[in-house]
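Colleague: Handing you this structure, nothing more for now.
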Amino acid sequence: MTSPQDEPPAGDGRAPGDPPGHDAADALALETIEVDLFVEALHRRYGYDFRDYSRASLTRRVRNLVTSLNLATISDLTTRLLHQPGRIAEVISGLSVPVSEFFRDPSVFLTLKEKVFPHLASYPQINVWQAGCAHGEEIYSLAILLSEAGLYERTRIFATDISKSALARAREGIFPLREAPDAARRYLAAGGAHSFSAYYHARYDLMKLDERLISRVTFAEHNLVTDGVFCEAHLILCRNVLIYFTTPLQDRVLARFAESLVRGGFLCVGTRENLEFSPARTQFQLVDANAQLYRLRTGAPGGPRNPVPEPFNPRRPER
Ligand SMILES: C[S@@+](CC[C@H](N)C(=O)[O-])C[C@H]1O[C@@H](n2cnc3c(N)ncnc32)[C@H](O)[C@@H]1O
């Protein structure tokens, strides 16, 4: 028989007598506390509210941030956050996942072109809001298709994100040239009518988008968790953002989208996201399941103001 004093020291903070295998569970419990404190500090000190983000993916991003900043623990990150306000943008940038691509899911863009543009075409002034625009690839893709449909000049595009650094990149309209071949393929699959290369100038290993495409896009900081209704939109594009939120937060954001849309306005969420189990579902009708495209019902209480007209569809003259 051994007494606890006889046992070799665990050497890892484990108390003598703790069963083997306890370490991992202990480390996990400690990490949970550290992430909780980090999220609380971020909220109380700066008003950024990540409390309703899905914990698993948020924890991964916090861990990555700790590694990329060469810190030892999440608590070190929290200390830095609390005492160095100048570094908040860096932290938000590290927590956001600004991954996107031109004409991501080309069939979605084709659906927008075929099922949404005809409605927008009858509207004298079109407002599009993209929430969670990352580096702008998707909104520039939409701008290209709107331009080819002759709608761009009467469209105002608001592209928003929580991350200042992502927005700064998006505003520049400069992307790695190596992305062009795949983008060109997806552009054609999305119903593009010309050549993707007509929309940028290549310089060394970069492509700079045509200024005209950038000219009607207003990039702005907006936090879907804490900020209010953004504009009276005819189309809201919010893809691959809700996936990072817990269900109650998704519901709150969807309710906000319903308030931001004109009656009959369209909402497109990511192909892995849907409204099926949300209370907001009753306010929307499904237009296309593959594209996760919805339309605010005309009688929906949230929807204000000027409905999106039905497409102009002249009857054939009868013989
Ligand atoms: C994976 S990207 C999606 C980009 C693009 N919509 C797409 O599908 O290709 C997610 C974006 O959502 C942004 N985001 C995360 N939380 C947000 C919030 N609370 N408010 C606004 N944007 C947010 C991130 O900064 C990131 O740029």
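Quick note on naming: the chains in the structure tokens go A, B, ... in the order shown, residues restart at 1 in each chain, and ligands are numbered from 1 in order of appearance.
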I need the alpha helix (DSSP H) residues of stretch 170-283 of chain A per DSSP on the backbone, written as a ChimeraX atom specification.

Modeller: /A:170-172,180-189,211-215,247-260

Colleague: Could you list the protein, DNA and RNA residues that have any atom within 8 Å of ligand 1, counting only C-alpha atoms and all ligand atoms, and write them as a VMD selection string?

Modeller: chain A and resid 49 to 50 92 to 93 95 to 102 104 130 to 138 160 to 163 166 221 to 226 237 to 241 244 270

Colleague: Write out as a PyMOL selection string all residues of stretch 140-204 of chain A that backbone DSSP assigns to strand (DSSP E).

Modeller: chain A and resi 155-161+174-176+200-203

Colleague: Keeping only C-alpha atoms, write the selected residues as a compact mmCIF listing (two decimals), in the first residue's frame.

Modeller:
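The result, written out as part39.txt:
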```
# COMPACT_ATOMS: atom_id res chain seq x y z
CA THR A 155 -28.06 49.77 -56.78
CA ARG A 156 -26.59 50.90 -53.49
CA ILE A 157 -24.61 48.15 -51.85
CA PHE A 158 -23.82 48.13 -48.14
CA ALA A 159 -21.25 45.55 -47.16
CA THR A 160 -20.66 45.18 -43.44
CA ASP A 161 -18.50 43.18 -41.11
CA ILE A 174 -7.04 43.78 -54.45
CA PHE A 175 -6.78 40.00 -54.47
CA PRO A 176 -4.13 37.38 -55.25
CA TYR A 200 -9.67 43.35 -63.08
CA HIS A 201 -6.20 44.56 -64.00
CA ALA A 202 -3.37 42.15 -63.29
CA ARG A 203 -0.21 43.58 -61.77
```

Colleague: Please measure the separation of atom CA of A:Gly264 and atom CA of A:Leu296, giving the value in Å to one decimal.

Modeller: 4.9 Å

Colleague: Please identify all polymer residues within 8 Å of stretch 249-251 of chain A, counting only C-alpha atoms, omitting same-chain residues fewer than 2 positions from it, and present them as a ChimeraX atom specification.

Modeller: /A:52-53,225,242,245-247,253-255,278-280

Colleague: Would you write out those residues with N, CA and C atoms, as a compact mmCIF listing (two decimals), in the first residue's frame?

Modeller:
```
# COMPACT_ATOMS: atom_id res chain seq x y z
N ASP A 52 -22.69 34.57 -27.28
CA ASP A 52 -23.59 33.63 -27.95
C ASP A 52 -22.99 33.08 -29.24
N TYR A 53 -21.70 33.01 -29.31
CA TYR A 53 -21.06 32.32 -30.44
C TYR A 53 -20.92 30.85 -30.05
N VAL A 225 -24.55 41.27 -33.72
CA VAL A 225 -25.01 40.92 -32.37
C VAL A 225 -25.54 42.13 -31.64
N LEU A 242 -24.06 32.95 -39.81
CA LEU A 242 -24.96 32.42 -38.77
C LEU A 242 -24.41 31.13 -38.17
N PHE A 245 -22.94 31.19 -34.82
CA PHE A 245 -23.77 31.66 -33.71
C PHE A 245 -24.57 30.52 -33.10
N THR A 246 -24.91 30.66 -31.81
CA THR A 246 -25.83 29.69 -31.19
C THR A 246 -27.23 29.94 -31.77
N THR A 247 -28.13 28.97 -31.55
CA THR A 247 -29.47 29.10 -32.11
C THR A 247 -30.20 30.37 -31.62
N VAL A 253 -30.80 37.50 -34.89
CA VAL A 253 -30.27 38.12 -36.12
C VAL A 253 -31.29 37.99 -37.25
N LEU A 254 -31.94 36.83 -37.33
CA LEU A 254 -32.95 36.64 -38.40
C LEU A 254 -34.11 37.61 -38.21
N ALA A 255 -34.49 37.84 -36.94
CA ALA A 255 -35.57 38.81 -36.68
C ALA A 255 -35.15 40.20 -37.15
N SER A 278 -36.31 28.22 -36.92
CA SER A 278 -36.31 29.54 -36.29
C SER A 278 -37.73 30.10 -36.21
N PRO A 279 -38.04 30.84 -35.14
CA PRO A 279 -39.34 31.51 -35.07
C PRO A 279 -39.53 32.48 -36.24
N ALA A 280 -38.42 32.96 -36.82
CA ALA A 280 -38.51 33.91 -37.95
C ALA A 280 -39.05 33.23 -39.21
```

Colleague: Within 8 Å of stretch 71-75 of chain A, counting only C-alpha atoms, which residues show up once you throw out same-chain ones fewer than 2 positions away? Write them as a list in words, please.

Modeller: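 Selected residues are Glu31, Glu34, Val35, Phe38, Val62, Arg63, Val66, Thr67, Ser68, Leu69, Leu77, Thr78 and Thr79 of chain A.
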
Colleague: For the residues in the current selection, export N, CA and C atoms as an mmCIF file, in the first residue's frame.

Modeller:
```cif
data_model
loop_
_atom_site.group_PDB
_atom_site.id
_atom_site.type_symbol
_atom_site.label_atom_id
_atom_site.label_comp_id
_atom_site.auth_asym_id
_atom_site.auth_seq_id
_atom_site.Cartn_x
_atom_site.Cartn_y
_atom_site.Cartn_z
ATOM 1 N N GLU A 31 -9.609 25.391 -19.513
ATOM 2 C CA GLU A 31 -9.737 26.170 -20.746
ATOM 3 C C GLU A 31 -11.128 26.803 -20.845
ATOM 4 N N GLU A 34 -11.139 29.810 -18.766
ATOM 5 C CA GLU A 34 -10.336 30.884 -19.379
ATOM 6 C C GLU A 34 -11.071 31.526 -20.558
ATOM 7 N N VAL A 35 -11.749 30.696 -21.377
ATOM 8 C CA VAL A 35 -12.496 31.258 -22.518
ATOM 9 C C VAL A 35 -13.664 32.100 -21.992
ATOM 10 N N PHE A 38 -12.275 35.377 -20.865
ATOM 11 C CA PHE A 38 -11.852 36.153 -22.032
ATOM 12 C C PHE A 38 -13.075 36.823 -22.686
ATOM 13 N N VAL A 62 -9.723 31.250 -30.400
ATOM 14 C CA VAL A 62 -9.001 31.859 -29.274
ATOM 15 C C VAL A 62 -7.645 31.165 -29.124
ATOM 16 N N ARG A 63 -7.650 29.834 -29.228
ATOM 17 C CA ARG A 63 -6.375 29.090 -29.143
ATOM 18 C C ARG A 63 -5.408 29.547 -30.234
ATOM 19 N N VAL A 66 -3.872 32.848 -29.399
ATOM 20 C CA VAL A 66 -2.836 32.714 -28.366
ATOM 21 C C VAL A 66 -1.523 32.274 -29.020
ATOM 22 N N THR A 67 -1.617 31.286 -29.914
ATOM 23 C CA THR A 67 -0.402 30.789 -30.580
ATOM 24 C C THR A 67 0.196 31.862 -31.484
ATOM 25 N N SER A 68 -0.655 32.511 -32.298
ATOM 26 C CA SER A 68 -0.096 33.464 -33.262
ATOM 27 C C SER A 68 0.507 34.685 -32.571
ATOM 28 N N LEU A 69 0.045 34.992 -31.364
ATOM 29 C CA LEU A 69 0.619 36.141 -30.641
ATOM 30 C C LEU A 69 1.749 35.713 -29.703
ATOM 31 N N LEU A 77 -3.760 36.269 -22.874
ATOM 32 C CA LEU A 77 -4.473 37.035 -23.907
ATOM 33 C C LEU A 77 -5.483 37.980 -23.255
ATOM 34 N N THR A 78 -6.176 37.480 -22.247
ATOM 35 C CA THR A 78 -7.172 38.307 -21.552
ATOM 36 C C THR A 78 -6.492 39.503 -20.888
ATOM 37 N N THR A 79 -5.334 39.260 -20.272
ATOM 38 C CA THR A 79 -4.611 40.355 -19.618
ATOM 39 C C THR A 79 -4.208 41.406 -20.647
#
```

Colleague: Any idea what the distance is between atom CA of A:Phe277 and atom CA of A:Val108?

Modeller: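 These two atoms are separated by 21.6 Å.
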
Colleague: Measure the distance from atom CA of A:Ile236 to atom CA of A:Gly192 in Å and round it to one decimal.

Modeller: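 Those two atoms sit 20.8 Å apart.
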
Colleague: Smallest atom-to-atom distance to A:Gly191: which of A:Phe257, A:Phe284, A:Phe109, A:Tyr294, using only C-alpha atoms?

Modeller: A:Phe109
